[in-house]
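A short write-up of the structure that comes next.
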Amino acid sequence: MRPRLTAVVVLATTAAMALTGCTKKNESPDAGSSGAASGKTYKVAFVPKLQGVPYFEAMNAGGKEAAAALGNVEWLYQGPTQADAAAQADIVRSYIQQKVDALIVAPNDPDSMAPLLQQAKDAGIHVATADTDAPASVREVFVNQATAQGIGEGLTDALLKEMGGKGKYAIVSCGQTAENLNSWIEVQKAYTKTKYPDAQIVDIVYAGEDQARATQMATDLMNAHPDLTGLVGECTSSAPGVAQAVKDAGKIGKVFTVGLGTPQAMKPYLEDKSSSAAILWDVENLGYLTAWAGAQLAQGKPFAATNNVSGELSAVAYTEADKMLLLGPALAITDQNVDQFNY
């Protein structure tokens, strides 16, 4: 098993959180999940927002490992090369035509994805979402990385700690229609207003999944607001993007940044203090849980209130009311623990 560490940044929802590295993954899948003895192989397809970025490639690695451990799953992975809802829809249609057993999507646009998930269901395919949801769709389960409340409060606390609990900050998000990002931002707005009355969000901009654009937008925000003392990168491309902008402007220690960044992408910024913390989760474990959930759906197996997915994911909670599997609490990644992650 991988070593577990205690997070050094305490999130609002937990007093302490277990951190896991990513060098050795889940080893013992729930014996009840393996249907290899039946002789049938189930095709589980995952369509990420964007293929080729470290975050979703880490999810893919976890999905592959789960498929190998389960023994009766063929894991299929394909996403658009840009975070484009239309390109993602084409891939979903392709998997519907292939008649996969389970289709799992991280939708760029949940509203436009909902009719396609209905088409898949009508074709006899089990449908789910992972990483980001389409709550108004017919998806059978949402594989959630952490609660919106935990992520939004974690980002806010990590940033405002560095800002001294006051001042102006801005958010550089990614896709304007991404349900997960928007839900975190709503938490940040409300939480900042109630817990940090002397702090203010002055602007929210959208850079797509483009790190260079995020850097330019963060630079523009600092120029437009000379008294700005904080920036949040709301996704894994904008988190390093805003840190790079602060570094380029020579404002390390004057403008603080936090974000949703993958560990190795954030490492240089954590080390030079242009970023104070990355709030994330074990992305490979999220991929593992996604593949396992797809296998459960494909085999017609119900989720329990607590699910023994693997040796490392031995108590994954499921809530029937919102049909959600929850990976666990958000993690705080700093310069002290970033080397525990290899993606």
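Labels for the structure tokens follow display order: chains A, B, ..., residues from 1 in each chain, ligands from 1.
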
(message) Residues of segment 36-175 of chain A classed as helix (DSSP H, G or I) by DSSP on the backbone are to be reported as a PyMOL selection string.
(response) chain A and resi 36-38+54-70+85-98+110-122+148-162

Residues near segment 59-67 of chain A, anyone? I mean within 6 Å using only C-alpha atoms, not counting same-chain ones fewer than 2 positions away, as a PDB file with N, CA, C and O atoms, in the first residue's frame.
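Printed below is around12.pdb as written:
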```
ATOM      1  N   PHE A  56      -6.460  13.869 -16.798  1.00  0.00           N
ATOM      2  CA  PHE A  56      -7.271  12.778 -17.344  1.00  0.00           C
ATOM      3  C   PHE A  56      -6.425  11.567 -17.733  1.00  0.00           C
ATOM      4  O   PHE A  56      -6.922  10.435 -17.731  1.00  0.00           O
ATOM      5  N   GLU A  57      -5.156  11.788 -18.036  1.00  0.00           N
ATOM      6  CA  GLU A  57      -4.290  10.633 -18.277  1.00  0.00           C
ATOM      7  C   GLU A  57      -4.080   9.848 -16.978  1.00  0.00           C
ATOM      8  O   GLU A  57      -3.959   8.622 -16.996  1.00  0.00           O
ATOM      9  N   ALA A  69      -7.321  -5.475 -12.631  1.00  0.00           N
ATOM     10  CA  ALA A  69      -7.603  -6.127 -11.356  1.00  0.00           C
ATOM     11  C   ALA A  69      -8.933  -6.871 -11.378  1.00  0.00           C
ATOM     12  O   ALA A  69      -9.056  -7.976 -10.834  1.00  0.00           O
ATOM     13  N   LEU A  70      -9.934  -6.280 -12.020  1.00  0.00           N
ATOM     14  CA  LEU A  70     -11.250  -6.904 -12.080  1.00  0.00           C
ATOM     15  C   LEU A  70     -11.248  -8.136 -12.980  1.00  0.00           C
ATOM     16  O   LEU A  70     -11.936  -9.108 -12.708  1.00  0.00           O
ATOM     17  N   VAL A  73     -13.164  -6.679 -17.473  1.00  0.00           N
ATOM     18  CA  VAL A  73     -13.495  -5.361 -18.017  1.00  0.00           C
ATOM     19  C   VAL A  73     -12.509  -4.982 -19.122  1.00  0.00           C
ATOM     20  O   VAL A  73     -11.298  -5.095 -18.951  1.00  0.00           O
ATOM     21  N   VAL A 283      -6.140  11.380  -8.192  1.00  0.00           N
ATOM     22  CA  VAL A 283      -6.791  11.289  -9.506  1.00  0.00           C
ATOM     23  C   VAL A 283      -6.772   9.864 -10.044  1.00  0.00           C
ATOM     24  O   VAL A 283      -7.739   9.417 -10.677  1.00  0.00           O
ATOM     25  N   GLU A 284      -5.704   9.132  -9.800  1.00  0.00           N
ATOM     26  CA  GLU A 284      -5.671   7.741 -10.256  1.00  0.00           C
ATOM     27  C   GLU A 284      -6.740   6.919  -9.535  1.00  0.00           C
ATOM     28  O   GLU A 284      -7.386   6.054 -10.143  1.00  0.00           O
ATOM     29  N   ASN A 285      -6.936   7.168  -8.265  1.00  0.00           N
ATOM     30  CA  ASN A 285      -7.999   6.478  -7.547  1.00  0.00           C
ATOM     31  C   ASN A 285      -9.373   6.831  -8.107  1.00  0.00           C
ATOM     32  O   ASN A 285     -10.285   5.991  -8.134  1.00  0.00           O
ATOM     33  N   GLY A 287      -9.987   7.465 -11.230  1.00  0.00           N
ATOM     34  CA  GLY A 287     -10.113   6.641 -12.430  1.00  0.00           C
ATOM     35  C   GLY A 287     -10.425   5.192 -12.097  1.00  0.00           C
ATOM     36  O   GLY A 287     -11.239   4.540 -12.772  1.00  0.00           O
ATOM     37  N   TYR A 288      -9.795   4.690 -11.053  1.00  0.00           N
ATOM     38  CA  TYR A 288     -10.046   3.317 -10.608  1.00  0.00           C
ATOM     39  C   TYR A 288     -11.515   3.154 -10.210  1.00  0.00           C
ATOM     40  O   TYR A 288     -12.189   2.197 -10.628  1.00  0.00           O
ATOM     41  N   ALA A 291     -13.887   3.132 -13.291  1.00  0.00           N
ATOM     42  CA  ALA A 291     -13.939   1.851 -13.995  1.00  0.00           C
ATOM     43  C   ALA A 291     -14.725   0.820 -13.195  1.00  0.00           C
ATOM     44  O   ALA A 291     -15.522   0.053 -13.752  1.00  0.00           O
TER      45      ALA A 291
END
```

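Candidate residues A:Thr215, A:Gln149, A:Asn223, A:Thr236 were compared for distance to Lys189 of chain A, and the nearest is A:Gln149, using only C-alpha atoms.
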
(message) Need the shell around segment 191-195 of chain A: protein/DNA/RNA residues with any atom at most 9 Å away, counting only C-alpha atoms. Skip same-chain ones fewer than 3 positions apart. Format as a list in words?
(response) Gly152, Glu153, Thr156, Asp157, Leu160, Gly165, Glu186, Val187, Gln188, Asp198, Ala199, Gln200 and Ile201 of chain A

File of the preceding selection, all heavy atoms, as a compact mmCIF listing (two decimals), in the first residue's frame:
```
# COMPACT_ATOMS: atom_id res chain seq x y z
N GLY A 152 -14.65 23.98 -2.61
CA GLY A 152 -14.79 25.43 -2.60
C GLY A 152 -14.25 26.06 -1.33
O GLY A 152 -13.55 27.08 -1.36
N GLU A 153 -14.56 25.44 -0.19
CA GLU A 153 -14.08 25.97 1.08
C GLU A 153 -12.57 25.77 1.20
O GLU A 153 -11.86 26.64 1.73
CB GLU A 153 -14.80 25.30 2.24
CG GLU A 153 -16.27 25.70 2.34
CD GLU A 153 -16.97 25.07 3.53
OE1 GLU A 153 -16.31 24.34 4.30
OE2 GLU A 153 -18.18 25.32 3.70
N THR A 156 -10.78 28.43 -0.83
CA THR A 156 -10.92 29.74 -0.19
C THR A 156 -10.04 29.86 1.05
O THR A 156 -9.32 30.85 1.23
CB THR A 156 -12.39 30.00 0.18
OG1 THR A 156 -13.20 29.83 -0.99
CG2 THR A 156 -12.59 31.41 0.71
N ASP A 157 -10.08 28.84 1.90
CA ASP A 157 -9.28 28.87 3.12
C ASP A 157 -7.78 28.92 2.82
O ASP A 157 -7.03 29.66 3.46
CB ASP A 157 -9.59 27.65 4.00
CG ASP A 157 -10.91 27.75 4.72
OD1 ASP A 157 -11.41 28.88 4.90
OD2 ASP A 157 -11.46 26.70 5.10
N LEU A 160 -7.06 32.56 1.45
CA LEU A 160 -7.24 33.64 2.42
C LEU A 160 -6.28 33.52 3.60
O LEU A 160 -5.96 34.53 4.24
CB LEU A 160 -8.69 33.69 2.88
CG LEU A 160 -9.63 34.61 2.08
CD1 LEU A 160 -9.19 36.08 2.20
CD2 LEU A 160 -9.73 34.22 0.63
N GLY A 165 -6.64 36.87 5.44
CA GLY A 165 -8.07 36.92 5.68
C GLY A 165 -8.79 38.11 5.07
O GLY A 165 -9.98 38.30 5.31
N GLU A 186 -19.58 28.78 -6.86
CA GLU A 186 -20.73 29.23 -6.06
C GLU A 186 -20.42 29.08 -4.56
O GLU A 186 -20.79 29.94 -3.76
CB GLU A 186 -21.99 28.45 -6.43
CG GLU A 186 -22.55 28.82 -7.80
CD GLU A 186 -22.82 30.31 -7.94
OE1 GLU A 186 -23.48 30.89 -7.04
OE2 GLU A 186 -22.35 30.90 -8.93
N VAL A 187 -19.76 27.98 -4.19
CA VAL A 187 -19.36 27.81 -2.80
C VAL A 187 -18.36 28.89 -2.40
O VAL A 187 -18.47 29.48 -1.31
CB VAL A 187 -18.75 26.41 -2.58
CG1 VAL A 187 -18.13 26.31 -1.18
CG2 VAL A 187 -19.81 25.33 -2.77
N GLN A 188 -17.39 29.16 -3.26
CA GLN A 188 -16.38 30.18 -2.96
C GLN A 188 -17.03 31.56 -2.74
O GLN A 188 -16.64 32.30 -1.83
CB GLN A 188 -15.34 30.24 -4.09
CG GLN A 188 -14.40 29.04 -4.12
CD GLN A 188 -13.68 28.92 -5.44
OE1 GLN A 188 -14.07 28.16 -6.32
NE2 GLN A 188 -12.61 29.68 -5.60
N ASP A 198 -14.05 40.75 4.96
CA ASP A 198 -13.10 41.76 4.49
C ASP A 198 -12.41 41.35 3.19
O ASP A 198 -11.48 42.03 2.73
CB ASP A 198 -12.04 42.03 5.56
CG ASP A 198 -12.63 42.67 6.81
OD1 ASP A 198 -13.60 43.44 6.68
OD2 ASP A 198 -12.14 42.37 7.91
N ALA A 199 -12.86 40.25 2.60
CA ALA A 199 -12.32 39.79 1.32
C ALA A 199 -13.40 39.91 0.25
O ALA A 199 -14.60 39.86 0.53
CB ALA A 199 -11.84 38.35 1.43
N GLN A 200 -12.95 40.03 -0.99
CA GLN A 200 -13.89 40.25 -2.09
C GLN A 200 -13.39 39.59 -3.37
O GLN A 200 -12.22 39.70 -3.72
CB GLN A 200 -14.06 41.76 -2.33
CG GLN A 200 -14.96 42.13 -3.48
CD GLN A 200 -14.94 43.62 -3.78
OE1 GLN A 200 -14.20 44.38 -3.16
NE2 GLN A 200 -15.74 44.05 -4.74
N ILE A 201 -14.28 38.87 -4.06
CA ILE A 201 -13.99 38.35 -5.40
C ILE A 201 -14.33 39.45 -6.39
O ILE A 201 -15.49 39.85 -6.52
CB ILE A 201 -14.81 37.08 -5.71
CG1 ILE A 201 -14.51 35.97 -4.69
CG2 ILE A 201 -14.51 36.59 -7.13
CD1 ILE A 201 -15.40 34.75 -4.83
```

(request) Choose the residue, out of A:Asp248, A:Phe142, A:His126, A:Ser137, that has the smallest atom-to-atom separation from Leu326 of chain A; count only C-alpha atoms. (result) A:Phe142

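A straight line drawn from atom CA of Ala298 of chain A to atom CA of Ala45 of chain A is 10.9 Å long.
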
(request) Please provide the set of residues having any atom within 8 Å of Ala146 of chain A, restricted to only C-alpha atoms, with same-chain residues fewer than 4 positions apart removed, written as an NGL selection string. (result) :A and (150-151 or 281 or 326-330)

Store the residues picked out above in a file with N, CA, C and O atoms, as a PDB file, in the first residue's frame.
```
ATOM      1  N   GLY A 150     -16.557  20.985   0.086  1.00  0.00           N
ATOM      2  CA  GLY A 150     -15.204  20.760   0.551  1.00  0.00           C
ATOM      3  C   GLY A 150     -14.163  21.402  -0.345  1.00  0.00           C
ATOM      4  O   GLY A 150     -13.190  21.997   0.136  1.00  0.00           O
ATOM      5  N   ILE A 151     -14.357  21.303  -1.662  1.00  0.00           N
ATOM      6  CA  ILE A 151     -13.399  21.878  -2.605  1.00  0.00           C
ATOM      7  C   ILE A 151     -13.446  23.404  -2.555  1.00  0.00           C
ATOM      8  O   ILE A 151     -12.417  24.082  -2.461  1.00  0.00           O
ATOM      9  N   TRP A 281      -7.230  15.739  -5.269  1.00  0.00           N
ATOM     10  CA  TRP A 281      -7.613  14.424  -4.760  1.00  0.00           C
ATOM     11  C   TRP A 281      -6.718  13.426  -5.473  1.00  0.00           C
ATOM     12  O   TRP A 281      -5.951  13.785  -6.350  1.00  0.00           O
ATOM     13  N   LEU A 326     -18.788   8.771  -3.728  1.00  0.00           N
ATOM     14  CA  LEU A 326     -17.879   9.832  -3.300  1.00  0.00           C
ATOM     15  C   LEU A 326     -16.503   9.259  -2.992  1.00  0.00           C
ATOM     16  O   LEU A 326     -16.348   8.437  -2.080  1.00  0.00           O
ATOM     17  N   LEU A 327     -15.501   9.711  -3.761  1.00  0.00           N
ATOM     18  CA  LEU A 327     -14.134   9.236  -3.549  1.00  0.00           C
ATOM     19  C   LEU A 327     -13.647   9.566  -2.147  1.00  0.00           C
ATOM     20  O   LEU A 327     -13.039   8.734  -1.479  1.00  0.00           O
ATOM     21  N   GLY A 328     -13.899  10.778  -1.689  1.00  0.00           N
ATOM     22  CA  GLY A 328     -13.470  11.159  -0.345  1.00  0.00           C
ATOM     23  C   GLY A 328     -13.229  12.647  -0.239  1.00  0.00           C
ATOM     24  O   GLY A 328     -13.574  13.415  -1.138  1.00  0.00           O
ATOM     25  N   PRO A 329     -12.607  13.098   0.854  1.00  0.00           N
ATOM     26  CA  PRO A 329     -12.362  14.530   1.035  1.00  0.00           C
ATOM     27  C   PRO A 329     -11.267  15.034   0.104  1.00  0.00           C
ATOM     28  O   PRO A 329     -10.435  14.272  -0.371  1.00  0.00           O
ATOM     29  N   ALA A 330     -11.297  16.329  -0.142  1.00  0.00           N
ATOM     30  CA  ALA A 330     -10.251  16.947  -0.952  1.00  0.00           C
ATOM     31  C   ALA A 330      -8.921  16.888  -0.213  1.00  0.00           C
ATOM     32  O   ALA A 330      -8.872  16.766   1.009  1.00  0.00           O
TER      33      ALA A 330
END
```

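Nearest residue to Cys235 of chain A among A:Ser274, A:Ser173, A:Asn337, A:Gln98 is A:Ser173, counting only C-alpha atoms.
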
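By only C-alpha atoms, and with residues fewer than 3 positions from Leu325 of chain A along its chain excluded, the set lying at most 10 Å from it is Ala130, Val141, Phe142, Val143, Asn144, Gln145, Ala146, Leu289, Thr290, Ala293, Phe303, Ala304, Ala305, Thr306, Asn307, Val316, Ala317, Tyr318, Thr319, Glu320, Asp322 and Gly328 of chain A.
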